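Participant: Below is query_18.cif; it holds mmCIF, C-alpha atoms.
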data_model
#
loop_
_atom_site.group_PDB
_atom_site.id
_atom_site.type_symbol
_atom_site.label_atom_id
_atom_site.label_comp_id
_atom_site.auth_asym_id
_atom_site.auth_seq_id
_atom_site.Cartn_x
_atom_site.Cartn_y
_atom_site.Cartn_z
ATOM 1 C CA MET A 1 22.385 -2.474 9.757
ATOM 2 C CA THR A 2 20.357 0.074 11.693
ATOM 3 C CA ALA A 3 18.284 -1.462 14.441
ATOM 4 C CA SER A 4 14.510 -1.183 14.120
ATOM 5 C CA ARG A 5 12.796 1.151 16.549
ATOM 6 C CA ALA A 6 10.454 -1.428 18.089
ATOM 7 C CA ARG A 7 10.548 -5.116 18.902
ATOM 8 C CA LEU A 8 7.799 -7.328 17.482
ATOM 9 C CA ASP A 9 8.766 -10.736 18.867
ATOM 10 C CA GLY A 10 5.809 -13.099 18.817
ATOM 11 C CA SER A 11 3.883 -11.006 16.298
ATOM 12 C CA THR A 12 2.748 -11.959 12.806
ATOM 13 C CA ALA A 13 2.710 -9.342 10.063
ATOM 14 C CA LEU A 14 1.246 -9.443 6.566
ATOM 15 C CA VAL A 15 2.767 -7.210 3.875
ATOM 16 C CA THR A 16 1.476 -6.949 0.315
ATOM 17 C CA GLY A 17 3.923 -5.964 -2.396
ATOM 18 C CA GLY A 18 6.888 -7.229 -0.411
ATOM 19 C CA SER A 19 8.917 -8.769 -3.219
ATOM 20 C CA ASP A 20 10.796 -5.616 -4.229
ATOM 21 C CA GLY A 21 11.292 -1.899 -3.657
ATOM 22 C CA VAL A 22 9.866 -0.283 -0.547
ATOM 23 C CA GLY A 23 7.807 -3.366 0.282
ATOM 24 C CA LEU A 24 10.887 -5.575 0.480
ATOM 25 C CA GLU A 25 12.429 -3.136 2.952
ATOM 26 C CA ILE A 26 9.238 -3.117 5.043
ATOM 27 C CA VAL A 27 9.394 -6.908 5.247
ATOM 28 C CA ARG A 28 13.079 -6.737 6.175
ATOM 29 C CA MET A 29 12.406 -4.247 8.997
ATOM 30 C CA LEU A 30 9.515 -6.264 10.399
ATOM 31 C CA ALA A 31 11.534 -9.495 10.269
ATOM 32 C CA ASP A 32 14.534 -7.780 11.865
ATOM 33 C CA ALA A 33 12.226 -6.612 14.664
ATOM 34 C CA GLY A 34 11.261 -10.228 15.369
ATOM 35 C CA ALA A 35 7.932 -10.540 13.555
ATOM 36 C CA ALA A 36 7.004 -13.558 11.489
ATOM 37 C CA VAL A 37 5.991 -12.196 8.075
ATOM 38 C CA VAL A 38 3.326 -13.471 5.716
ATOM 39 C CA MET A 39 4.319 -12.241 2.248
ATOM 40 C CA PRO A 40 1.686 -12.748 -0.469
ATOM 41 C CA VAL A 41 3.174 -12.215 -3.932
ATOM 42 C CA ARG A 42 2.091 -12.359 -7.560
ATOM 43 C CA ASN A 43 5.399 -13.822 -8.743
ATOM 44 C CA ARG A 44 6.712 -16.711 -6.633
ATOM 45 C CA ALA A 45 10.202 -16.701 -8.132
ATOM 46 C CA LYS A 46 10.529 -12.999 -7.387
ATOM 47 C CA GLY A 47 9.254 -13.575 -3.869
ATOM 48 C CA GLU A 48 11.757 -16.367 -3.223
ATOM 49 C CA ALA A 49 14.580 -14.151 -4.478
ATOM 50 C CA ALA A 50 13.402 -11.395 -2.133
ATOM 51 C CA ILE A 51 13.468 -13.767 0.844
ATOM 52 C CA GLU A 52 17.017 -14.813 0.000
ATOM 53 C CA ARG A 53 18.049 -11.168 -0.147
ATOM 54 C CA ILE A 54 16.368 -10.381 3.186
ATOM 55 C CA ARG A 55 17.974 -13.376 4.893
ATOM 56 C CA ARG A 56 21.420 -12.124 3.908
ATOM 57 C CA ALA A 57 20.705 -9.193 6.241
ATOM 58 C CA VAL A 58 18.419 -10.981 8.724
ATOM 59 C CA PRO A 59 19.522 -14.660 8.805
ATOM 60 C CA ASP A 60 16.762 -15.765 11.171
ATOM 61 C CA ALA A 61 13.963 -14.005 9.251
ATOM 62 C CA ARG A 62 10.715 -15.989 9.354
ATOM 63 C CA ILE A 63 8.885 -15.316 6.093
ATOM 64 C CA VAL A 64 6.173 -17.411 4.445
ATOM 65 C CA LEU A 65 5.122 -16.898 0.834
ATOM 66 C CA HIS A 66 1.521 -16.967 -0.314
ATOM 67 C CA ASP A 67 0.030 -16.367 -3.745
ATOM 68 C CA LEU A 68 -1.819 -13.101 -4.407
ATOM 69 C CA ASP A 69 -2.738 -11.158 -7.506
ATOM 70 C CA LEU A 70 -4.661 -8.083 -6.381
ATOM 71 C CA ALA A 71 -5.874 -7.622 -9.953
ATOM 72 C CA ARG A 72 -7.907 -10.848 -9.622
ATOM 73 C CA LEU A 73 -10.622 -10.998 -6.990
ATOM 74 C CA ASP A 74 -10.619 -14.809 -7.081
ATOM 75 C CA SER A 75 -6.949 -14.697 -6.036
ATOM 76 C CA VAL A 76 -7.797 -12.314 -3.175
ATOM 77 C CA ASP A 77 -10.639 -14.592 -2.070
ATOM 78 C CA ALA A 78 -8.356 -17.648 -2.124
ATOM 79 C CA LEU A 79 -5.743 -15.910 0.015
ATOM 80 C CA SER A 80 -8.383 -14.660 2.456
ATOM 81 C CA ALA A 81 -9.763 -18.170 2.880
ATOM 82 C CA GLY A 82 -6.288 -19.508 3.616
ATOM 83 C CA LEU A 83 -5.416 -16.726 6.023
ATOM 84 C CA ARG A 84 -8.578 -17.264 8.028
ATOM 85 C CA GLU A 85 -6.967 -20.512 9.172
ATOM 86 C CA GLU A 86 -4.140 -18.497 10.806
ATOM 87 C CA THR A 87 -4.285 -17.966 14.545
ATOM 88 C CA ALA A 88 -3.399 -14.271 14.350
ATOM 89 C CA ILE A 89 -2.366 -11.404 12.139
ATOM 90 C CA ASP A 90 -1.149 -8.576 14.322
ATOM 91 C CA ILE A 91 0.037 -6.168 11.603
ATOM 92 C CA CYS A 92 -1.291 -5.756 8.063
ATOM 93 C CA VAL A 93 0.533 -3.405 5.681
ATOM 94 C CA LEU A 94 -1.361 -2.619 2.468
ATOM 95 C CA ASN A 95 1.673 -1.656 0.436
ATOM 96 C CA ALA A 96 1.340 -3.249 -3.018
ATOM 97 C CA GLY A 97 0.573 -0.951 -5.899
ATOM 98 C CA VAL A 98 0.918 -0.241 -9.571
ATOM 99 C CA VAL A 99 1.880 3.067 -11.216
ATOM 100 C CA LEU A 100 1.556 3.196 -14.997
ATOM 101 C CA LEU A 101 2.748 6.760 -15.535
ATOM 102 C CA GLY A 102 3.733 7.256 -19.143
ATOM 103 C CA ASP A 103 1.329 4.580 -20.403
ATOM 104 C CA ARG A 104 -1.677 6.379 -21.862
ATOM 105 C CA GLN A 105 -3.629 3.198 -22.539
ATOM 106 C CA ARG A 106 -6.372 2.403 -20.035
ATOM 107 C CA HIS A 107 -5.927 -1.154 -18.764
ATOM 108 C CA LEU A 108 -8.680 -3.298 -17.296
ATOM 109 C CA THR A 109 -8.283 -6.264 -14.957
ATOM 110 C CA ALA A 110 -9.832 -9.666 -15.545
ATOM 111 C CA ASP A 111 -12.666 -8.498 -13.278
ATOM 112 C CA GLY A 112 -13.359 -5.489 -15.498
ATOM 113 C CA PHE A 113 -11.983 -2.731 -13.252
ATOM 114 C CA GLU A 114 -9.365 -0.120 -14.155
ATOM 115 C CA VAL A 115 -6.036 -1.588 -13.073
ATOM 116 C CA HIS A 116 -4.943 1.189 -10.655
ATOM 117 C CA PHE A 117 -8.379 1.161 -9.025
ATOM 118 C CA GLN A 118 -8.345 -2.581 -8.405
ATOM 119 C CA THR A 119 -4.672 -3.215 -7.643
ATOM 120 C CA ASN A 120 -4.097 -0.246 -5.368
ATOM 121 C CA PHE A 121 -7.515 -0.059 -3.739
ATOM 122 C CA LEU A 122 -10.303 -2.539 -4.429
ATOM 123 C CA GLY A 123 -8.146 -5.659 -4.121
ATOM 124 C CA HIS A 124 -6.879 -4.450 -0.754
ATOM 125 C CA ALA A 125 -10.420 -3.606 0.360
ATOM 126 C CA ALA A 126 -11.517 -7.130 -0.597
ATOM 127 C CA LEU A 127 -8.589 -8.608 1.343
ATOM 128 C CA ILE A 128 -9.435 -6.636 4.483
ATOM 129 C CA ARG A 129 -13.093 -7.630 4.233
ATOM 130 C CA GLY A 130 -12.085 -11.267 3.806
ATOM 131 C CA ILE A 131 -9.896 -11.401 6.904
ATOM 132 C CA LEU A 132 -11.701 -8.795 9.022
ATOM 133 C CA PRO A 133 -12.743 -11.217 11.798
ATOM 134 C CA LEU A 134 -9.135 -12.371 12.115
ATOM 135 C CA LEU A 135 -7.856 -8.790 12.286
ATOM 136 C CA GLU A 136 -10.469 -7.844 14.866
ATOM 137 C CA ARG A 137 -9.699 -10.908 16.965
ATOM 138 C CA SER A 138 -6.006 -9.960 16.959
ATOM 139 C CA ARG A 139 -6.753 -6.256 17.546
ATOM 140 C CA ALA A 140 -4.450 -5.739 14.592
ATOM 141 C CA ARG A 141 -2.716 -2.643 13.322
ATOM 142 C CA VAL A 142 -3.499 -1.930 9.678
ATOM 143 C CA VAL A 143 -1.314 0.404 7.631
ATOM 144 C CA ALA A 144 -2.591 1.891 4.384
ATOM 145 C CA GLN A 145 0.363 2.935 2.229
ATOM 146 C CA THR A 146 -0.821 6.080 0.485
ATOM 147 C CA SER A 147 0.958 8.599 -1.734
ATOM 148 C CA ILE A 148 1.656 12.292 -1.792
ATOM 149 C CA ALA A 149 -0.203 12.226 -5.115
ATOM 150 C CA ALA A 150 -3.419 11.570 -3.177
ATOM 151 C CA ALA A 151 -3.227 14.947 -1.403
ATOM 152 C CA ARG A 152 -4.879 16.697 -4.374
ATOM 153 C CA ALA A 153 -6.662 13.737 -5.927
ATOM 154 C CA ARG A 154 -10.381 13.539 -6.584
ATOM 155 C CA ILE A 155 -12.710 10.576 -6.929
ATOM 156 C CA ASP A 156 -15.009 10.803 -9.927
ATOM 157 C CA TRP A 157 -18.048 8.991 -8.573
ATOM 158 C CA VAL A 158 -19.662 8.921 -12.017
ATOM 159 C CA ASP A 159 -16.574 7.542 -13.750
ATOM 160 C CA LEU A 160 -14.711 5.500 -11.136
ATOM 161 C CA HIS A 161 -12.799 3.516 -13.726
ATOM 162 C CA GLY A 162 -11.746 6.307 -16.072
ATOM 163 C CA ALA A 163 -13.839 5.128 -19.003
ATOM 164 C CA ARG A 164 -14.547 8.673 -20.175
ATOM 165 C CA ARG A 165 -11.424 10.611 -19.200
ATOM 166 C CA TYR A 166 -8.447 8.414 -18.479
ATOM 167 C CA ARG A 167 -5.102 9.792 -17.355
ATOM 168 C CA PRO A 168 -2.651 7.420 -15.642
ATOM 169 C CA TYR A 169 -1.565 9.929 -12.978
ATOM 170 C CA ARG A 170 -5.170 10.844 -12.184
ATOM 171 C CA ALA A 171 -6.117 7.154 -11.936
ATOM 172 C CA TYR A 172 -3.148 6.397 -9.676
ATOM 173 C CA ALA A 173 -3.779 9.371 -7.385
ATOM 174 C CA ALA A 174 -7.500 8.590 -7.105
ATOM 175 C CA SER A 175 -6.761 4.951 -6.230
ATOM 176 C CA LYS A 176 -4.468 6.029 -3.402
ATOM 177 C CA LEU A 177 -7.061 8.524 -2.157
ATOM 178 C CA ALA A 178 -9.620 5.719 -2.202
ATOM 179 C CA LEU A 179 -7.334 3.440 -0.174
ATOM 180 C CA SER A 180 -6.782 6.233 2.344
ATOM 181 C CA LEU A 181 -10.497 6.953 2.710
ATOM 182 C CA PHE A 182 -11.148 3.226 3.083
ATOM 183 C CA GLY A 183 -8.583 3.140 5.893
ATOM 184 C CA MET A 184 -10.250 6.070 7.641
ATOM 185 C CA GLU A 185 -13.651 4.383 7.432
ATOM 186 C CA LEU A 186 -12.195 1.048 8.571
ATOM 187 C CA ALA A 187 -10.871 2.806 11.664
ATOM 188 C CA ARG A 188 -14.357 4.192 12.382
ATOM 189 C CA ARG A 189 -16.233 0.937 11.816
ATOM 190 C CA SER A 190 -13.954 -1.838 13.034
ATOM 191 C CA GLY A 191 -13.908 -3.423 16.435
ATOM 192 C CA GLY A 192 -10.483 -2.961 17.992
ATOM 193 C CA ILE A 193 -8.415 -2.487 14.827
ATOM 194 C CA THR A 194 -5.937 0.406 14.789
ATOM 195 C CA VAL A 195 -5.478 2.036 11.389
ATOM 196 C CA ASN A 196 -2.651 4.368 10.441
ATOM 197 C CA LEU A 197 -1.567 5.841 7.126
ATOM 198 C CA SER A 198 1.905 6.187 5.687
ATOM 199 C CA HIS A 199 3.463 7.532 2.554
ATOM 200 C CA PRO A 200 7.071 6.985 1.498
ATOM 201 C CA GLY A 201 7.679 10.255 -0.323
ATOM 202 C CA VAL A 202 9.482 10.155 -3.642
ATOM 203 C CA VAL A 203 11.467 6.926 -4.127
ATOM 204 C CA PRO A 204 13.261 6.887 -7.485
ATOM 205 C CA GLY A 205 15.391 3.879 -6.533
ATOM 206 C CA THR A 206 12.575 1.431 -7.355
ATOM 207 C CA ALA A 207 11.015 0.105 -10.551
ATOM 208 C CA ILE A 208 8.133 2.567 -10.295
ATOM 209 C CA ALA A 209 6.753 4.174 -13.478
ATOM 210 C CA ALA A 210 8.736 2.016 -15.901
ATOM 211 C CA PRO A 211 7.185 3.603 -19.056
ATOM 212 C CA VAL A 212 8.413 7.047 -17.950
ATOM 213 C CA ARG A 213 11.877 5.729 -17.140
ATOM 214 C CA ALA A 214 12.116 4.181 -20.585
ATOM 215 C CA LEU A 215 11.662 7.614 -22.163
ATOM 216 C CA LEU A 216 14.445 9.250 -20.129
ATOM 217 C CA PRO A 217 18.216 9.111 -20.657
ATOM 218 C CA GLN A 218 19.728 6.461 -18.400
ATOM 219 C CA ASP A 219 22.205 9.001 -16.991
ATOM 220 C CA LEU A 220 19.273 11.136 -15.834
ATOM 221 C CA VAL A 221 17.567 8.138 -14.228
ATOM 222 C CA ASN A 222 20.799 7.200 -12.436
ATOM 223 C CA TRP A 223 21.238 10.782 -11.202
ATOM 224 C CA ALA A 224 17.675 10.856 -9.837
ATOM 225 C CA VAL A 225 18.198 7.571 -8.008
ATOM 226 C CA ARG A 226 21.326 8.977 -6.330
ATOM 227 C CA ARG A 227 20.181 12.515 -5.589
ATOM 228 C CA VAL A 228 16.373 12.792 -5.448
ATOM 229 C CA GLY A 229 13.962 11.565 -2.799
ATOM 230 C CA ASN A 230 14.339 8.715 -0.325
ATOM 231 C CA ALA A 231 16.194 5.452 -0.698
ATOM 232 C CA PRO A 232 13.834 2.451 -0.334
ATOM 233 C CA ALA A 233 15.134 1.643 3.157
ATOM 234 C CA THR A 234 14.402 5.178 4.384
ATOM 235 C CA ALA A 235 11.042 5.244 2.615
ATOM 236 C CA ALA A 236 10.014 1.970 4.260
ATOM 237 C CA GLN A 237 10.496 3.403 7.740
ATOM 238 C CA THR A 238 7.270 5.416 7.460
ATOM 239 C CA ALA A 239 5.214 2.220 7.136
ATOM 240 C CA PHE A 240 7.178 0.531 9.928
ATOM 241 C CA ASP A 241 6.543 3.481 12.241
ATOM 242 C CA ALA A 242 2.856 3.491 11.293
ATOM 243 C CA ALA A 243 2.680 -0.228 12.100
ATOM 244 C CA THR A 244 4.281 0.168 15.518
ATOM 245 C CA SER A 245 2.914 3.537 16.620
ATOM 246 C CA GLU A 246 1.257 3.629 20.023
ATOM 247 C CA ALA A 247 -0.803 6.727 19.200
ATOM 248 C CA ASP A 248 -4.493 6.432 20.086
ATOM 249 C CA ALA A 249 -5.766 8.562 17.205
ATOM 250 C CA LEU A 250 -5.168 7.818 13.544
ATOM 251 C CA VAL A 251 -1.829 9.234 12.372
ATOM 252 C CA MET A 252 -0.135 9.538 9.004
ATOM 253 C CA PHE A 253 3.613 8.943 8.940
ATOM 254 C CA ALA A 254 5.428 10.766 6.170
ATOM 255 C CA PRO A 255 8.882 12.098 5.289
ATOM 256 C CA SER A 256 9.969 15.149 7.265
ATOM 257 C CA GLY A 257 11.502 17.055 4.341
ATOM 258 C CA PRO A 258 9.991 19.818 2.195
ATOM 259 C CA PHE A 259 6.460 18.972 1.040
ATOM 260 C CA GLY A 260 6.918 15.469 2.450
ATOM 261 C CA LEU A 261 9.003 14.436 -0.539
ATOM 262 C CA TRP A 262 11.929 12.964 1.375
ATOM 263 C CA GLY A 263 13.544 12.749 4.792
ATOM 264 C CA ALA A 264 13.200 10.725 7.962
ATOM 265 C CA PRO A 265 9.621 9.785 8.961
ATOM 266 C CA VAL A 266 7.545 11.942 11.264
ATOM 267 C CA PRO A 267 3.881 11.797 12.314
ATOM 268 C CA ARG A 268 1.759 14.297 10.414
ATOM 269 C CA ALA A 269 -1.916 15.129 10.224
ATOM 270 C CA PRO A 270 -3.573 13.232 7.358
ATOM 271 C CA PHE A 271 -4.091 15.179 4.147
ATOM 272 C CA ARG A 272 -7.302 17.210 4.232
ATOM 273 C CA ARG A 273 -8.970 15.099 1.553
ATOM 274 C CA PHE A 274 -8.528 12.011 3.737
ATOM 275 C CA LEU A 275 -10.725 13.560 6.428
ATOM 276 C CA ASP A 276 -13.914 13.711 4.329
ATOM 277 C CA ALA A 277 -16.146 11.430 6.399
ATOM 278 C CA ASP A 278 -18.994 11.568 3.866
ATOM 279 C CA ALA A 279 -16.701 10.480 1.032
ATOM 280 C CA ALA A 280 -15.240 7.678 3.173
ATOM 281 C CA ALA A 281 -18.699 6.351 4.054
ATOM 282 C CA ARG A 282 -19.796 6.600 0.408
ATOM 283 C CA LEU A 283 -16.699 4.699 -0.692
ATOM 284 C CA TRP A 284 -17.402 1.962 1.843
ATOM 285 C CA ARG A 285 -20.894 1.578 0.397
ATOM 286 C CA GLU A 286 -19.410 1.489 -3.099
ATOM 287 C CA VAL A 287 -17.089 -1.349 -2.042
ATOM 288 C CA ASP A 288 -20.125 -3.219 -0.706
ATOM 289 C CA ARG A 289 -21.800 -2.812 -4.094
ATOM 290 C CA LEU A 290 -18.789 -3.764 -6.191
ATOM 291 C CA LEU A 291 -17.901 -6.834 -4.148
ATOM 292 C CA SER A 292 -21.410 -8.124 -3.564
#
Using structure tokens, write down the structure that the file contains.
Facilitator:
Amino acid sequence: MTASRARLDGSTALVTGGSDGVGLEIVRMLADAGAAVVMPVRNRAKGEAAIERIRRAVPDARIVLHDLDLARLDSVDALSAGLREETAIDICVLNAGVVLLGDRQRHLTADGFEVHFQTNFLGHAALIRGILPLLERSRARVVAQTSIAAARARIDWVDLHGARRYRPYRAYAASKLALSLFGMELARRSGGITVNLSHPGVVPGTAIAAPVRALLPQDLVNWAVRRVGNAPATAAQTAFDAATSEADALVMFAPSGPFGLWGAPVPRAPFRRFLDADAAARLWREVDRLLS
């Protein structure tokens, strides 16, 4: 196993979406670097299986499961209340996400929000708001896991939830842009928190976009997993580097290959759309309204 680039002994990290795919590899890297990891999951059985898998590679991994369904704000509130009893969270990786490419039906959460919008963005924003004093006290590093899809995304301020014109890719990309803008504004407003962005590139070796996969020949899917994009372990390194970077200014870590689709992680300037300070401030106000 390749050694992690930094040691995190004595630190506590929180990773959402850590039960499979890229998130599982992020948890493995953090645990291998010596961090204790808080892993909130929607499916406990899946989370326990993930811990067993990680401990085969990192026998002394310290991982604690919590319950979290980002598509339910009451679940986010319950986790936040529990985490506020913790003494410290030094690293917080906002990795969990949903991608419903190939599913043309618009899905709403129990709270009435479009599912990409809430799972990828609003649920994470609510979590950060709920534990903000803890993060500030720890002078934590927050990592917002974005996507290359967000580079050309737009937020429809009139139709945030796609009620009039829903397209799954558009909804996914906009949710990742929103998370990125929220991270930029968090960095401007918070007291002592460091915020970095990361994106993993293209990672076909995960369960992403299941409806699309179901439409493709299995041989083609297997070929893409072997030959296209980053393996999950390589893709996870961007978030690990973002979590451990010592850069003073906000940095985005992304694959080094063509168009940022694959390759080893390197620091890059954030996508231009992420730098819209007016949009970031407006989004922050929108979060205040939606969560009030």
Participant: Can you work out the spacing between atom CA of Leu250 of chain A and atom CA of Val195 of chain A in Å, to one decimal?
Facilitator: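 Calculated distance between atom CA of Leu250 of chain A and atom CA of Val195 of chain A is 6.2 Å.
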Participant: Find the distance between atom CA of Asn95 of chain A and atom CA of Lys176 of chain A and write it in Å to one decimal.
Facilitator: 10.6 Å
Participant: Residues near segment 137-140 of chain A, anyone? I mean within 7 Å using all atoms listed in the file, not counting same-chain ones fewer than 4 positions away, as an MDAnalysis selection string.
Facilitator: chainID A and resid 88:91 133 192:194
Participant: Of the residues A:Asp288, A:Leu79, A:Ala13, A:Leu8, which is the one nearest to Pro40 of chain A, using all atoms listed in the file?
Facilitator: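 Between A:Asp288, A:Leu79, A:Ala13, A:Leu8, the residue approaching Pro40 of chain A most closely is A:Leu79.
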Participant: Report as JSON, numbers by chain all protein, DNA and RNA residues lying within 9 Å of segment 51-57 of chain A, evaluated on only C-alpha atoms, omitting residues in the same chain fewer than 6 positions from it.
Facilitator: {"A": [1, 19, 24, 25, 27, 28, 31, 32, 63, 64, 65]}
Participant: I'd like the contact shell of Leu291 of chain A - 12 Å cut-off, all atoms listed in the file, skipping same-chain residues fewer than 5 positions apart - returned as an MDAnalysis selection string.
Facilitator: chainID A and resid 73:74 76:77 111 113 118 122:127 129:130 284:286
Participant: Write out the residues from the selection above, keeping C-alpha atoms, as a CSV table (one decimal), keeping the file's coordinate frame.
Facilitator:
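After the write, out-v1.csv holds the following:
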chain,number,residue,atom,x,y,z
A,73,LEU,CA,-10.6,-11.0,-7.0
A,74,ASP,CA,-10.6,-14.8,-7.1
A,76,VAL,CA,-7.8,-12.3,-3.2
A,77,ASP,CA,-10.6,-14.6,-2.1
A,111,ASP,CA,-12.7,-8.5,-13.3
A,113,PHE,CA,-12.0,-2.7,-13.3
A,118,GLN,CA,-8.3,-2.6,-8.4
A,122,LEU,CA,-10.3,-2.5,-4.4
A,123,GLY,CA,-8.1,-5.7,-4.1
A,124,HIS,CA,-6.9,-4.4,-0.8
A,125,ALA,CA,-10.4,-3.6,0.4
A,126,ALA,CA,-11.5,-7.1,-0.6
A,127,LEU,CA,-8.6,-8.6,1.3
A,129,ARG,CA,-13.1,-7.6,4.2
A,130,GLY,CA,-12.1,-11.3,3.8
A,284,TRP,CA,-17.4,2.0,1.8
A,285,ARG,CA,-20.9,1.6,0.4
A,286,GLU,CA,-19.4,1.5,-3.1
Participant: Could you jot down the atom CA of Ile128 of chain A to atom CA of Leu108 of chain A separation for me, Å, one decimal place?
Facilitator: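 Distance reported for this atom pair: 22.0 Å.
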Participant: With the PyMOL selection byres ((chain A and resi 170) around 10) as the selection, what would be picked from this file? Answer as a ChimeraX atom specification, please.
Facilitator: /A:101,116,149-150,152-155,162,165-169,171-175
Participant: Using the selection just defined, write its residues with C-alpha atoms as a tab-separated table (two decimals), in the coordinates of the input.
Facilitator:
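Output below, filename out.tsv:
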chain	number	residue	atom	x	y	z
A	101	LEU	CA	2.75	6.76	-15.54
A	116	HIS	CA	-4.94	1.19	-10.66
A	149	ALA	CA	-0.20	12.23	-5.12
A	150	ALA	CA	-3.42	11.57	-3.18
A	152	ARG	CA	-4.88	16.70	-4.37
A	153	ALA	CA	-6.66	13.74	-5.93
A	154	ARG	CA	-10.38	13.54	-6.58
A	155	ILE	CA	-12.71	10.58	-6.93
A	162	GLY	CA	-11.75	6.31	-16.07
A	165	ARG	CA	-11.42	10.61	-19.20
A	166	TYR	CA	-8.45	8.41	-18.48
A	167	ARG	CA	-5.10	9.79	-17.36
A	168	PRO	CA	-2.65	7.42	-15.64
A	169	TYR	CA	-1.56	9.93	-12.98
A	171	ALA	CA	-6.12	7.15	-11.94
A	172	TYR	CA	-3.15	6.40	-9.68
A	173	ALA	CA	-3.78	9.37	-7.38
A	174	ALA	CA	-7.50	8.59	-7.10
A	175	SER	CA	-6.76	4.95	-6.23
Participant: Smallest atom-to-atom distance to Asp276 of chain A: which of A:Ala110, A:Leu181, A:Met252, A:Leu261, using all atoms listed in the file?
Facilitator: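 Going through A:Ala110, A:Leu181, A:Met252, A:Leu261 one by one, the smallest distance to Asp276 of chain A is for A:Leu181.
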Participant: Determine, counting only C-alpha atoms, which protein, DNA and RNA residues have an atom within 10 Å of an atom of Arg7 of chain A; residues of the same chain fewer than 5 positions away are not included. Present the result as a list in words.
Facilitator: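 Once the adjacent positions are removed, what remains is Leu30, Ala31, Asp32, Ala33, Gly34, Ala35 and Thr244 of chain A.
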Participant: Would you write out those residues with C-alpha atoms, as a PDB file, in the frame of the given file?
Facilitator:
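Contents of result_1.pdb, freshly written:
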ATOM      1  CA  LEU A  30       9.515  -6.264  10.399  1.00  0.00           C
ATOM      2  CA  ALA A  31      11.534  -9.495  10.269  1.00  0.00           C
ATOM      3  CA  ASP A  32      14.534  -7.780  11.865  1.00  0.00           C
ATOM      4  CA  ALA A  33      12.226  -6.612  14.664  1.00  0.00           C
ATOM      5  CA  GLY A  34      11.261 -10.228  15.369  1.00  0.00           C
ATOM      6  CA  ALA A  35       7.932 -10.540  13.555  1.00  0.00           C
ATOM      7  CA  THR A 244       4.281   0.168  15.518  1.00  0.00           C
TER       8      THR A 244
END
Participant: Give me the result of the PyMOL selection byres ((chain A and resi 251) around 8) on this file, residue by residue, as a list in words.
Facilitator: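 Going through the file, the PyMOL selection byres ((chain A and resi 251) around 8) ends up selecting Asn196, Leu197, Ala242, Ala247, Ala249, Leu250, Met252, Phe253, Pro267, Arg268, Ala269 and Pro270 of chain A.
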Participant: Which is closest to Ala61 of chain A among A:Ala277, A:Ala36, A:Ala163, A:Leu135, if we use all atoms listed in the file?
Facilitator: A:Ala36
Participant: For Phe259 of chain A, which of A:His199, A:Arg104, A:Arg164, A:Arg141 is the closest residue, counting all atoms listed in the file?
Facilitator: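 For Phe259 of chain A, the nearest of the given residues is A:His199.
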Participant: For the PyMOL selection byres ((chain A and resi 230) around 6), applied here, can you spell out every residue it catches as a short mmCIF file (atom, residue, chain, number, x, y, z; two decimals) with C-alpha atoms, keeping the file's coordinate frame?
Facilitator:
data_model
loop_
_atom_site.label_atom_id
_atom_site.label_comp_id
_atom_site.auth_asym_id
_atom_site.auth_seq_id
_atom_site.Cartn_x
_atom_site.Cartn_y
_atom_site.Cartn_z
CA VAL A 203 11.47 6.93 -4.13
CA GLY A 229 13.96 11.56 -2.80
CA ALA A 231 16.19 5.45 -0.70
CA THR A 234 14.40 5.18 4.38
CA ALA A 235 11.04 5.24 2.62
CA TRP A 262 11.93 12.96 1.38
#
Participant: Residues within 8 Å of Val98 of chain A, please, as an MDAnalysis selection string. Count all atoms listed in the file; anything in the same chain fewer than 2 positions from it doesn't count.
Facilitator: chainID A and resid 96 100 115:116 119:120 172 208
Participant: Grab all the atoms of segment 247-258 of chain A that the file lists, wrap them in a box along x, y and z, add 8 Å per side, and give me centre plus edge lengths in Å (one decimal) as JSON.
Facilitator:
{"center_x": 2.9, "center_y": 13.1, "center_z": 11.1, "size_x": 33.3, "size_y": 29.4, "size_z": 33.9}
Participant: Just checking: using all atoms listed in the file, which residue out of A:Ala281, A:Ile26, A:Ala81, A:Leu68 ends up closest to Arg189 of chain A?
Facilitator: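 When distances to Arg189 of chain A are compared using all atoms listed in the file, the smallest one comes from A:Ala281.
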